[in-house]
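Engineer: My file is input.txt. It has compact mmCIF, C-alpha atoms:
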# COMPACT_ATOMS: atom_id res chain seq x y z
CA MET A 621 45.71 60.91 151.62
CA LYS A 622 43.63 60.58 148.51
CA TYR A 623 40.49 62.61 148.16
CA TYR A 624 37.27 61.11 146.84
CA SER A 625 34.30 63.11 145.58
CA ASN A 626 30.73 62.25 146.61
CA ASP A 627 30.29 60.56 143.29
CA LYS A 628 33.41 58.41 143.61
CA ILE A 629 32.42 57.40 147.12
CA ILE A 630 28.95 56.36 146.04
CA LYS A 631 30.25 54.34 143.11
CA GLY A 632 32.88 52.82 145.38
CA ILE A 633 30.31 51.64 147.90
CA LEU A 634 28.23 50.09 145.15
CA LYS A 635 31.25 48.24 143.85
CA ASN A 636 32.48 47.23 147.26
CA ASN A 637 35.72 49.00 146.48
CA ASP A 638 38.31 48.36 149.17
CA SER A 639 40.18 51.63 148.96
CA VAL A 640 36.97 53.66 149.00
CA LEU A 641 35.72 51.75 152.03
CA HIS A 642 39.03 52.32 153.79
CA TYR A 643 38.82 55.98 152.91
CA ILE A 644 35.34 56.20 154.42
CA TYR A 645 36.58 54.71 157.68
CA ASN A 646 39.61 56.97 157.88
CA GLU A 647 37.68 60.06 156.99
CA TYR A 648 34.38 59.67 158.83
CA TYR A 649 34.65 57.08 161.56
CA PRO A 650 36.44 59.24 164.17
CA GLU A 651 33.75 61.89 164.23
CA ILE A 652 30.94 59.36 164.62
CA ASN A 653 32.89 57.45 167.24
CA LEU A 654 33.32 60.63 169.22
CA TYR A 655 29.63 61.48 168.97
CA ILE A 656 28.60 58.06 170.28
CA LEU A 657 31.13 58.04 173.09
CA LYS A 658 29.82 61.43 174.18
CA ASN A 659 26.27 60.12 174.16
CA ASN A 660 26.32 57.09 176.44
CA GLY A 661 27.81 54.71 173.91
CA ILE A 662 30.91 52.59 173.79
CA GLU A 663 33.31 51.79 170.96
CA GLU A 664 31.35 48.67 170.09
CA ASP A 665 28.20 50.75 169.57
CA ALA A 666 30.14 53.10 167.35
CA ASN A 667 31.37 50.23 165.19
CA ASP A 668 27.91 48.85 164.90
CA VAL A 669 26.22 52.15 164.10
CA PHE A 670 28.87 53.07 161.55
CA GLN A 671 28.50 49.79 159.71
CA GLU A 672 24.72 49.87 159.73
CA GLY A 673 24.80 53.51 158.63
CA LEU A 674 26.87 52.57 155.61
CA ILE A 675 24.62 49.66 154.76
CA ILE A 676 21.56 51.88 154.97
CA LEU A 677 23.21 54.31 152.56
CA TYR A 678 23.98 51.40 150.27
CA ARG A 679 20.35 50.30 150.35
CA LYS A 680 19.25 53.79 149.44
CA ILE A 681 21.80 54.21 146.68
CA LYS A 682 20.69 50.92 145.18
CA LYS A 683 17.08 52.00 145.21
CA ASN A 684 18.16 55.19 143.51
CA GLN A 685 16.74 57.32 146.21
CA PHE A 686 19.97 58.95 146.97
CA PHE A 687 20.07 62.59 146.15
CA LEU A 688 22.80 64.26 148.04
CA LYS A 689 22.28 67.87 148.82
CA CYS A 690 25.23 67.85 151.16
CA SER A 691 28.58 66.13 151.40
CA PHE A 692 28.67 62.39 151.81
CA GLY A 693 30.18 62.78 155.26
CA THR A 694 27.41 65.05 156.47
CA TYR A 695 24.77 62.64 155.29
CA LEU A 696 26.48 59.61 156.81
CA TYR A 697 26.84 61.49 160.07
CA SER A 698 23.17 62.39 160.16
CA VAL A 699 22.09 58.81 159.42
CA CYS A 700 24.40 57.44 162.12
CA ARG A 701 23.19 60.02 164.59
CA LEU A 702 19.62 59.11 163.85
CA LEU A 703 20.40 55.41 164.26
CA TRP A 704 22.04 56.01 167.60
CA LEU A 705 19.27 58.21 168.98
CA LYS A 706 16.74 55.64 167.92
CA GLN A 707 18.67 52.88 169.66
CA LEU A 708 19.05 54.89 172.84
CA ARG A 709 15.38 55.53 172.87
CA GLU A 710 14.45 51.92 172.32
CA LYS A 711 16.81 50.74 175.01
CA LYS A 712 14.84 53.01 177.32
CA THR A 713 18.17 53.78 178.72
CA ARG A 714 18.46 54.81 182.31
CA PHE A 715 20.90 57.41 181.10
CA MET A 716 19.59 60.74 180.09
CA VAL A 717 19.54 61.25 176.38
CA LYS A 718 21.00 64.69 176.05
CA GLU A 719 19.58 65.20 172.64
CA LYS A 720 15.94 65.13 171.70
CA LEU A 721 14.95 62.84 168.90
CA PRO A 722 15.13 64.94 165.76
CA ILE A 723 11.81 66.03 164.36
CA TYR A 724 12.74 64.61 161.01
CA LEU A 725 12.13 61.18 162.47
CA LYS A 726 8.47 62.04 162.33
CA ASP A 727 8.66 63.88 159.08
CA LYS A 728 6.72 62.19 156.28
CA LYS A 729 9.39 63.20 153.80
CA ASN A 730 11.80 60.93 155.58
CA GLN A 731 9.44 58.01 155.81
CA ASP A 732 11.46 56.05 153.32
CA LEU A 733 14.63 56.46 155.34
CA ILE A 734 12.81 55.33 158.46
CA ASP A 735 11.41 52.31 156.63
CA THR A 736 14.84 51.43 155.34
CA ILE A 737 16.28 51.72 158.85
CA GLU A 738 13.62 49.47 160.30
CA LYS A 739 13.93 46.85 157.63
CA ASN A 740 17.70 46.95 158.01
CA GLU A 741 17.44 46.38 161.75
CA ARG A 742 15.77 43.04 161.22
CA TYR A 743 17.60 41.95 158.10
CA GLY A 744 20.91 43.02 159.62
CA LEU A 745 20.33 40.84 162.65
CA TYR A 746 19.64 37.81 160.49
CA GLN A 747 22.61 38.46 158.25
CA LYS A 748 25.00 38.96 161.14
CA TYR A 749 24.12 35.60 162.60
CA PHE A 750 24.29 33.98 159.20
CA LEU A 751 27.87 35.21 158.90
CA LYS A 752 28.65 33.74 162.31
CA LEU A 753 27.63 30.23 161.22
CA GLY A 754 30.32 27.77 160.23
CA LYS A 755 31.46 27.90 156.62
CA ASP A 756 29.75 24.57 155.91
CA CYS A 757 26.39 25.83 157.10
CA GLN A 758 26.69 29.10 155.22
CA LYS A 759 27.53 27.30 152.01
CA THR A 760 24.81 24.69 152.41
CA LEU A 761 22.10 27.27 153.08
CA GLN A 762 23.35 29.37 150.18
CA LEU A 763 23.14 26.44 147.78
CA PHE A 764 19.57 25.73 148.84
CA LEU A 765 18.66 29.39 148.39
CA ASP A 766 20.14 29.27 144.89
CA ASN A 767 17.86 26.31 144.11
CA VAL A 768 20.77 24.06 143.29
CA PRO A 769 19.43 20.51 142.84
CA LEU A 770 19.67 18.42 145.97
CA LYS A 771 21.87 15.87 144.24
CA ASN A 772 24.42 18.51 143.35
CA ILE A 773 24.38 20.00 146.83
CA ALA A 774 25.18 16.62 148.33
CA LYS A 775 27.95 16.10 145.83
CA GLN A 776 29.45 19.56 146.16
CA MET A 777 29.44 19.50 149.93
CA GLY A 778 30.64 15.92 150.16
CA TYR A 779 27.54 14.73 152.01
CA LYS A 780 26.85 11.02 151.84
CA ASN A 781 23.37 11.41 150.33
CA GLU A 782 20.53 13.77 149.57
CA LYS A 783 18.71 12.95 152.73
CA TYR A 784 21.70 14.00 154.75
CA ALA A 785 21.98 17.25 152.78
CA LYS A 786 18.41 18.12 153.75
CA LYS A 787 19.03 17.19 157.35
CA LYS A 788 22.06 19.45 157.34
CA LYS A 789 20.02 22.32 155.96
CA TYR A 790 17.42 22.00 158.71
CA LYS A 791 20.09 21.72 161.35
CA CYS A 792 21.86 24.86 160.14
CA LYS A 793 18.60 26.76 159.94
CA GLU A 794 17.63 25.65 163.41
CA THR A 795 20.92 26.91 164.82
CA LEU A 796 20.58 30.17 162.95
CA ILE A 797 17.04 30.80 164.20
CA LYS A 798 18.02 29.86 167.74
CA ASN A 799 20.94 32.28 167.75
CA ILE A 800 18.83 35.09 166.30
CA LYS A 801 16.16 34.59 168.93
CA GLN A 802 18.68 34.70 171.72
CA ASP A 803 19.83 38.16 170.74
CA LYS A 804 18.25 40.76 172.95
CA LYS A 805 17.73 42.97 169.94
CA PHE A 806 15.42 40.36 168.51
CA LYS A 807 13.13 40.70 171.48
CA GLU A 808 13.09 44.45 171.04
CA LEU A 809 12.04 43.97 167.43
CA GLY A 810 9.59 41.29 168.41
CA ASN A 811 6.45 43.36 168.51
CA LYS A 812 6.82 44.90 165.13
CA ASN A 813 5.13 43.57 162.07
CA TYR A 814 7.05 41.72 159.46
CA ASN A 815 6.67 42.66 155.87
CA MET B 1084 6.92 23.49 169.75
CA GLY B 1085 6.04 19.87 169.09
CA LYS B 1086 5.30 19.35 165.43
CA TYR B 1087 6.29 22.88 164.57
CA THR B 1088 9.85 21.86 163.91
CA THR B 1089 12.29 23.73 161.71
CA GLU B 1090 11.85 20.98 159.16
CA ASN B 1091 8.07 21.33 159.03
CA ILE B 1092 8.07 25.11 158.94
CA ASP B 1093 10.62 25.01 156.18
CA ARG B 1094 8.55 22.48 154.24
CA TYR B 1095 5.49 24.65 154.72
CA ILE B 1096 7.05 27.83 153.36
CA HIS B 1097 8.57 25.98 150.43
CA GLY B 1098 5.32 24.29 149.49
CA GLU B 1099 6.66 20.82 150.14
CA MET B 1100 3.68 19.63 152.15
CA SER B 1101 0.94 17.32 150.96
CA PRO B 1102 -2.34 19.16 150.23
CA SER B 1103 -4.03 17.76 153.34
CA GLU B 1104 -1.10 18.62 155.60
CA LYS B 1105 -0.97 22.10 154.17
CA GLN B 1106 -4.68 22.58 154.67
CA GLN B 1107 -4.31 21.53 158.28
CA TRP B 1108 -1.52 24.06 158.79
CA ASN B 1109 -3.46 26.83 157.13
CA LYS B 1110 -6.23 26.24 159.65
CA GLU B 1111 -3.86 26.23 162.58
CA ILE B 1112 -2.16 29.42 161.53
CA VAL B 1113 -5.43 31.30 161.78
CA SER B 1114 -5.88 30.42 165.43
CA ASP B 1115 -2.24 30.26 166.49
CA LYS B 1116 -0.58 33.68 166.45
CA ASP B 1117 2.75 32.24 167.56
CA LEU B 1118 2.84 29.86 164.65
CA GLU B 1119 2.01 32.68 162.29
CA LYS B 1120 4.82 34.78 163.73
CA GLU B 1121 7.23 31.90 163.43
CA ILE B 1122 6.37 31.34 159.78
CA ASN B 1123 6.77 35.02 159.05
CA LEU B 1124 10.17 34.97 160.69
CA TYR B 1125 11.29 32.09 158.47
CA LYS B 1126 10.03 33.87 155.39
CA GLU B 1127 11.76 37.08 156.27
CA LEU B 1128 14.98 35.28 157.16
CA GLU B 1129 14.99 33.77 153.72
CA LYS B 1130 14.56 37.18 152.11
CA ALA B 1131 17.45 38.54 154.14
CA LEU B 1132 19.71 35.68 153.12
CA ARG B 1133 18.92 36.33 149.48
CA GLU B 1134 20.51 39.78 149.72
CA LYS B 1135 23.85 38.51 148.53
CA ASP B 1136 25.27 41.93 147.76
CA ILE B 1137 24.57 43.20 151.25
CA ILE B 1138 26.02 40.09 152.82
CA LEU B 1139 29.16 40.66 150.76
CA LEU B 1140 29.30 44.30 151.82
CA ARG B 1141 28.94 43.22 155.45
CA LYS B 1142 31.82 40.79 155.03
CA ALA B 1143 33.98 43.51 153.49
CA LEU B 1144 33.12 46.00 156.23
CA ILE B 1145 33.97 43.52 158.99
CA ILE B 1146 37.45 43.11 157.52
CA ILE B 1147 37.98 46.81 156.92
CA GLU B 1148 36.82 47.69 160.41
CA LYS B 1149 39.36 45.27 161.88
CA GLU B 1150 42.14 46.66 159.74
CA TYR B 1151 41.19 50.20 160.61
CA HIS B 1152 41.31 49.55 164.35
CA LYS B 1153 44.52 47.63 164.08
CA LYS B 1154 46.13 50.56 162.34
CA GLN B 1155 44.76 52.96 164.95
CA ASN B 1156 46.09 50.80 167.76
CA ASP B 1157 49.50 50.59 166.15
CA ASN B 1158 49.57 54.35 165.87
CA THR B 1159 48.45 54.81 169.43
CA TYR B 1160 51.20 52.56 170.55
CA LEU B 1161 53.78 54.60 168.71
CA CYS B 1162 52.52 57.85 170.17
CA GLU B 1163 51.96 56.68 173.70
CA PRO B 1164 53.79 58.95 176.09
CA SER B 1165 56.16 57.26 178.44
CA GLN B 1166 54.89 56.95 181.97
CA LYS B 1167 55.94 59.51 184.48
CA THR B 1168 57.96 58.17 187.27
CA ALA B 1169 57.22 59.55 190.67
The structure given in the file should be rewritten as structure tokens.
Structural biologist:
Amino acid sequence: MKYYSNDKIIKGILKNNDSVLHYIYNEYYPEINLYILKNNGIEEDANDVFQEGLIILYRKIKKNQFFLKCSFGTYLYSVCRLLWLKQLREKKTRFMVKEKLPIYLKDKKNQDLIDTIEKNERYGLYQKYFLKLGKDCQKTLQLFLDNVPLKNIAKQMGYKNEKYAKKKKYKCKETLIKNIKQDKKFKELGNKNYN
Amino acid sequence: MGKYTTENIDRYIHGEMSPSEKQQWNKEIVSDKDLEKEINLYKELEKALREKDIILLRKALIIIEKEYHKKQNDNTYLCEPSQKTA
């Protein structure tokens, strides 16, 4: 097995490098999986937390707020642990949470991490459902977001006219919003402010 | 939702409404918290969909996660002890 330094891992995540991402799974997933299984979670939770943990790290690296004082694995583990404890708490689980919520969740120094986590909860939900739309819908919405002229969208997607292209956009958006709202996580997020 | 259709909300956030229609909506938003929430949701959704790099990373992670578990399962299968017979 290859070994990657912190620096290589960070660059690899930024570049979406396949072998680095594989390495991260092989190296760090088992430990996090075990932690979640021991704390009232199932495999699906572990998958979810691990992915979101990595995306949160990516967001922080991109913002250049990533100063590692420890190994990459230790940091990833602590972010995932925090994510899971937060989720357990919000679920108001009938299970006992063995662990108390770490104090650093209330620590001002970590406010940025908390903000990133909260933004990622909402954005992640939207993005997950976007990726579950049909390819046609994804492409159509993407073209509109890129401000491609309506005429070109119709042409590129093979829609009969511009009016239909717009109709398609609204239809896709409607489906997307409907699916997001049906997720029980959305309701949990419901009372928070958007920004 | 009546007139608050996806189409109208989308037109509102993209500034595609006539000035009078827009003015009307601006008034309604002040008194209708649900409408305000809905508009904010559409705005935020749009921001999330503009994060192309993160969407790409999500796509990559979904594939890698599948491959990882497939490999694990294959290994488990190989190492599975044979069942004891009574």
Engineer: Please, what distance in Å, to one decimal, runs between CA of Arg709 (chain A) and CA of Tyr743 (chain A)?
Structural biologist: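 Between CA of Arg709 (chain A) and CA of Tyr743 (chain A) the gap is 20.2 Å.
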Engineer: Would you list the contacts of Leu1140 (chain B) as a list of chain:residue names, taking every protein, DNA or RNA residue within 12 Å and counting all atoms listed in the file, but skipping same-chain residues closer than 4 positions in sequence?
Structural biologist: A:Gly632, A:Ile633, A:Leu634, A:Lys635, A:Asn636, A:Asn637, A:Asp638, A:Leu641, A:Gln671, A:Glu672, A:Leu674, A:Ile675, A:Ile676, A:Leu677, A:Tyr678, A:Arg679, A:Gly744, A:Gln747, A:Lys748, A:Leu751, B:Glu1134, B:Lys1135, B:Asp1136, B:Leu1144, B:Ile1145, B:Ile1146, B:Ile1147, B:Glu1148
Engineer: Give me the residues near Gln762 (chain A) as a compact mmCIF listing (two decimals) with C-alpha atoms, keeping the file's coordinate frame, where near means some atom within 12 Å (using all atoms listed in the file) and where sequence neighbours in that chain fewer than 3 positions away do not count.
Structural biologist:
# COMPACT_ATOMS: atom_id res chain seq x y z
CA PHE A 750 24.29 33.98 159.20
CA LEU A 751 27.87 35.21 158.90
CA LEU A 753 27.63 30.23 161.22
CA LYS A 755 31.46 27.90 156.62
CA ASP A 756 29.75 24.57 155.91
CA CYS A 757 26.39 25.83 157.10
CA GLN A 758 26.69 29.10 155.22
CA LYS A 759 27.53 27.30 152.01
CA LEU A 765 18.66 29.39 148.39
CA ASP A 766 20.14 29.27 144.89
CA ASN A 767 17.86 26.31 144.11
CA VAL A 768 20.77 24.06 143.29
CA ILE A 773 24.38 20.00 146.83
CA MET A 777 29.44 19.50 149.93
CA LYS A 789 20.02 22.32 155.96
CA CYS A 792 21.86 24.86 160.14
CA LYS A 793 18.60 26.76 159.94
CA GLU B 1129 14.99 33.77 153.72
CA LYS B 1130 14.56 37.18 152.11
CA ALA B 1131 17.45 38.54 154.14
CA LEU B 1132 19.71 35.68 153.12
CA ARG B 1133 18.92 36.33 149.48
CA GLU B 1134 20.51 39.78 149.72
CA LYS B 1135 23.85 38.51 148.53
CA ILE B 1138 26.02 40.09 152.82
Engineer: At a cut-off of 9 Å, using all atoms listed in the file, what residues contact Glu741 (chain A)? Leave out same-chain residues fewer than 4 positions from it and give the result as a list of chain:residue names.
Structural biologist: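 Contacts, with the query itself left out: A:Glu672, A:Thr736, A:Ile737, A:Leu745, A:Tyr746, A:Lys805, A:Leu809.
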Engineer: CA of Glu647 (chain A) and CA of Arg742 (chain A) are how many Å apart?
Structural biologist: 28.1 Å
